[in-house]
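Enquirer: The structure under discussion is supplied below as structure tokens; questions concerning it will follow.
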Amino acid sequence: MDRPVALRGVSFAYGEGDLRRLVLRDVSLEVEPGEIVLLTGPSGSGKTTLLTLVGALRAMQEGSCRVLGRELMGAREGDRVRLRRSIGFIFQNHNLLGFLTARQNVAMSLELDGNLTERQRLARAGEMLAAVGLADHTEKPPSKLSGGQRQRVAIARALAGQPGLILADEPTAALDKASGQEVVRLLRDLARGRGVPILLVTHDPRILDIADRIVAMEDGRIVETQAA
């Protein structure tokens with residue numbers, strides 16, 4: 001069976017000619033089903049670029065990147081778009097739409113599923129918000145929610161489409177200690193309950209204990225991998 005994520009010899013550069021800057025250098029990495037892997041390292045070490053390649057948000061340049069059984073090297077834009085529908089994304093700044101309620105923000109992630117009616121999408125969104133402890137906040141806009149609550153809406157949105165993989169970029173960076181720990185515990189419990197792997201970029205030492213494995217990057221390379 002394919003691992004959810006399998007990278008071999010991945011290199012990536014920004015710019016061309018004299019301005020070309022190599023940001024990933026011969027990176028190989030695997031993520032197992034249900035595994036939580038944290039990517040750590042200084043700013044500029046290539047963590048977020050690696051996450052965007054795994055998430056099919058950028059075109060591959062060199063190496064092999066198989067995600068959920070699909071090879072991304074040489075993949076067309078349409079193939080990458082289809083793969084992204086099977087991935088749950090969680091970002092530092094939530095990316096919630098301020099003119100929609102929490103329920104509507106979560107339901108938006110289901111709009112590409114032609115098998116669901118609007119009523120069914122809203123019902124599933126409500127179920128996911130209840131699962132992250134926001135059953136009493138479904139009709140509130142983001143402006144009426146705390147930072148931790150907004151991030152929980154983002155987690156509900158990422159999980160609503162029953163993804164095969166979750167990618168998170170600094171999901172606790174804007175949160176205080178209590179909210180940050182609450183968010184990562186929630187991620188861990190929901191993802192493990194569904195057997196969904198998580199690849200998470202973080203600078204936050206407070207959340208290292210949720211990981212199965214910690215992968216340290218520096219200057220575009222993986223310099224250390226350790227079991228947590």
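Going through the structure tokens in order, the chains are called A, B, and so on, while each chain numbers its residues from 1 and the ligands are numbered from 1 in the order shown.
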Taking the DSSP assignment computed from this structure's backbone, write out as a PyMOL selection string all residues of segment 41-170 of chain A that belong to alpha helix (DSSP H).
Expert: chain A and resi 47-54+77-84+102-108+118-131+147-160
Enquirer: If we count only C-alpha atoms and set the cut-off at 6 Å, which residues sit around segment 21-25 of chain A, ignoring sequence neighbours fewer than 2 positions away in its own chain? Please answer as an NGL selection string.
Expert: :A and (11-14 or 27 or 46 or 220-221)
Enquirer: Write out the residues from the selection above, keeping N, CA and C atoms, as a CSV table (one decimal), in the first residue's frame.
Expert:
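Just written: out-v5.csv:
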```csv
chain,number,residue,atom,x,y,z
A,11,SER,N,14.2,18.6,-5.0
A,11,SER,CA,14.9,19.9,-5.0
A,11,SER,C,13.9,21.0,-5.6
A,12,PHE,N,14.1,22.2,-5.1
A,12,PHE,CA,13.2,23.3,-5.6
A,12,PHE,C,14.0,24.6,-5.5
A,13,ALA,N,13.8,25.4,-6.5
A,13,ALA,CA,14.5,26.8,-6.5
A,13,ALA,C,13.5,27.8,-6.9
A,14,TYR,N,13.7,29.0,-6.4
A,14,TYR,CA,13.0,30.2,-6.8
A,14,TYR,C,13.9,31.0,-7.7
A,27,VAL,N,15.6,16.4,-0.9
A,27,VAL,CA,14.9,16.1,0.3
A,27,VAL,C,14.1,14.8,0.1
A,46,GLY,N,13.1,26.1,4.3
A,46,GLY,CA,12.4,25.3,3.3
A,46,GLY,C,11.2,24.6,3.7
A,220,GLY,N,17.5,24.1,3.5
A,220,GLY,CA,16.9,23.3,2.5
A,220,GLY,C,17.1,21.8,2.6
A,221,ARG,N,17.7,21.3,3.6
A,221,ARG,CA,17.9,19.9,3.8
A,221,ARG,C,17.3,19.4,5.1
```
Enquirer: With the cut-off set at 6 Å and counting only C-alpha atoms, tabulate each residue of segment 79-129 of chain A with an atom at most that distance from an atom of segment 146-159 of chain A, showing the nearest atom pair and its distance in Å to one decimal, ordered by chain and increasing number, as CSV.
Expert:
```
residue,atom,partner,partner_atom,distance
A:Gly88,CA,A:Ala158,CA,4.2
A:Phe89,CA,A:Ala158,CA,5.6
A:His94,CA,A:Ala154,CA,5.7
A:Val106,CA,A:Arg157,CA,4.3
A:Met128,CA,A:Ala156,CA,5.3
A:Leu129,CA,A:Ala156,CA,5.8
```
Enquirer: Point out the residue among A:Leu122, A:Ala131, A:Ile198, A:Leu190 with the least atom-to-atom distance to Val5 of chain A, counting only C-alpha atoms.
Expert: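 Of the candidates, the smallest distance to Val5 of chain A is held by A:Ile198.
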Enquirer: Do you know which residues are at most 8 Å from segment 110-115 of chain A counting only C-alpha atoms, after dropping those on the same chain fewer than 4 positions away, and could you put them as a PyMOL selection string?
Expert: chain A and resi 106+121+160-161
Enquirer: Restricting the output to C-alpha atoms, write the selected residues as a short mmCIF file (atom, residue, chain, number, x, y, z; two decimals), in the first residue's frame.
Expert:
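Output (out.cif):
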```cif
data_model
loop_
_atom_site.label_atom_id
_atom_site.label_comp_id
_atom_site.auth_asym_id
_atom_site.auth_seq_id
_atom_site.Cartn_x
_atom_site.Cartn_y
_atom_site.Cartn_z
CA VAL A 106 -16.97 25.08 7.09
CA ARG A 121 -23.38 20.49 3.60
CA ALA A 160 -15.14 18.31 6.90
CA GLY A 161 -14.28 16.89 3.49
#
```
Enquirer: Any chance you could list, as a PyMOL selection string, the residues in segment 5-174 of chain A that come up strand (DSSP E) when DSSP is run on the backbone?
Expert: chain A and resi 5-14+21-31+36-40+62-67+70-71+87-91+165-169
Enquirer: Write the residues you've just listed into a file as a PDB file, in the first residue's frame, and include C-alpha atoms for each of them.
Expert:
```
ATOM      1  CA  VAL A   5       3.374  10.943   1.502  1.00  0.00           C
ATOM      2  CA  ALA A   6       6.597   9.714  -0.118  1.00  0.00           C
ATOM      3  CA  LEU A   7       9.259  12.167  -1.325  1.00  0.00           C
ATOM      4  CA  ARG A   8      12.488  11.160  -3.049  1.00  0.00           C
ATOM      5  CA  GLY A   9      15.272  13.555  -4.011  1.00  0.00           C
ATOM      6  CA  VAL A  10      13.080  16.661  -4.072  1.00  0.00           C
ATOM      7  CA  SER A  11      14.853  19.908  -4.957  1.00  0.00           C
ATOM      8  CA  PHE A  12      13.242  23.275  -5.619  1.00  0.00           C
ATOM      9  CA  ALA A  13      14.494  26.755  -6.515  1.00  0.00           C
ATOM     10  CA  TYR A  14      12.965  30.205  -6.810  1.00  0.00           C
ATOM     11  CA  ARG A  21      17.938  30.491  -5.135  1.00  0.00           C
ATOM     12  CA  LEU A  22      17.841  26.840  -4.151  1.00  0.00           C
ATOM     13  CA  VAL A  23      15.476  26.357  -1.202  1.00  0.00           C
ATOM     14  CA  LEU A  24      15.129  22.557  -1.132  1.00  0.00           C
ATOM     15  CA  ARG A  25      18.080  20.245  -1.685  1.00  0.00           C
ATOM     16  CA  ASP A  26      17.580  16.528  -2.302  1.00  0.00           C
ATOM     17  CA  VAL A  27      14.853  16.064   0.321  1.00  0.00           C
ATOM     18  CA  SER A  28      13.468  12.586   0.977  1.00  0.00           C
ATOM     19  CA  LEU A  29      10.659  12.024   3.483  1.00  0.00           C
ATOM     20  CA  GLU A  30       7.835   9.571   4.145  1.00  0.00           C
ATOM     21  CA  VAL A  31       4.702   9.927   6.269  1.00  0.00           C
ATOM     22  CA  ILE A  36       1.881  13.130  12.993  1.00  0.00           C
ATOM     23  CA  VAL A  37       5.136  14.575  11.643  1.00  0.00           C
ATOM     24  CA  LEU A  38       6.388  18.015  12.647  1.00  0.00           C
ATOM     25  CA  LEU A  39       8.717  20.006  10.392  1.00  0.00           C
ATOM     26  CA  THR A  40      10.929  22.338  12.427  1.00  0.00           C
ATOM     27  CA  GLU A  62      13.030  17.848  -9.471  1.00  0.00           C
ATOM     28  CA  GLY A  63      12.597  14.489  -7.735  1.00  0.00           C
ATOM     29  CA  SER A  64       9.535  12.409  -6.920  1.00  0.00           C
ATOM     30  CA  CYS A  65       6.604  13.408  -4.700  1.00  0.00           C
ATOM     31  CA  ARG A  66       3.821  10.846  -4.300  1.00  0.00           C
ATOM     32  CA  VAL A  67       0.851  12.066  -2.275  1.00  0.00           C
ATOM     33  CA  ARG A  70      -0.540  10.225  -7.029  1.00  0.00           C
ATOM     34  CA  GLU A  71       2.789  11.303  -8.487  1.00  0.00           C
ATOM     35  CA  ILE A  87      -6.133  17.375   1.442  1.00  0.00           C
ATOM     36  CA  GLY A  88      -7.154  19.432   4.466  1.00  0.00           C
ATOM     37  CA  PHE A  89      -5.209  22.690   4.802  1.00  0.00           C
ATOM     38  CA  ILE A  90      -4.829  24.663   8.036  1.00  0.00           C
ATOM     39  CA  PHE A  91      -3.002  27.995   7.998  1.00  0.00           C
ATOM     40  CA  LEU A 165      -3.992  14.082   4.602  1.00  0.00           C
ATOM     41  CA  ILE A 166      -3.843  17.241   6.719  1.00  0.00           C
ATOM     42  CA  LEU A 167      -1.198  19.905   6.087  1.00  0.00           C
ATOM     43  CA  ALA A 168      -0.808  22.637   8.715  1.00  0.00           C
ATOM     44  CA  ASP A 169       1.464  25.688   8.558  1.00  0.00           C
TER      45      ASP A 169
END
```
Enquirer: Could you state the separation of atom CA of Leu50 of chain A and atom CA of Glu170 of chain A in Å, given to one decimal place?
Expert: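 So the answer is 13.6 Å.
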Enquirer: Rounded to one decimal, what separation in Å do you get between atom CA of Glu32 of chain A and atom CA of Thr52 of chain A?
Expert: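 Going from atom CA of Glu32 of chain A over to atom CA of Thr52 of chain A, I get 18.6 Å.
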Enquirer: Return the single residue from A:Val196, A:Val132, A:Ala123, A:Leu100 that is closest to Glu182 of chain A, with distances computed using only C-alpha atoms.
Expert: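 Closest candidate: A:Val132.
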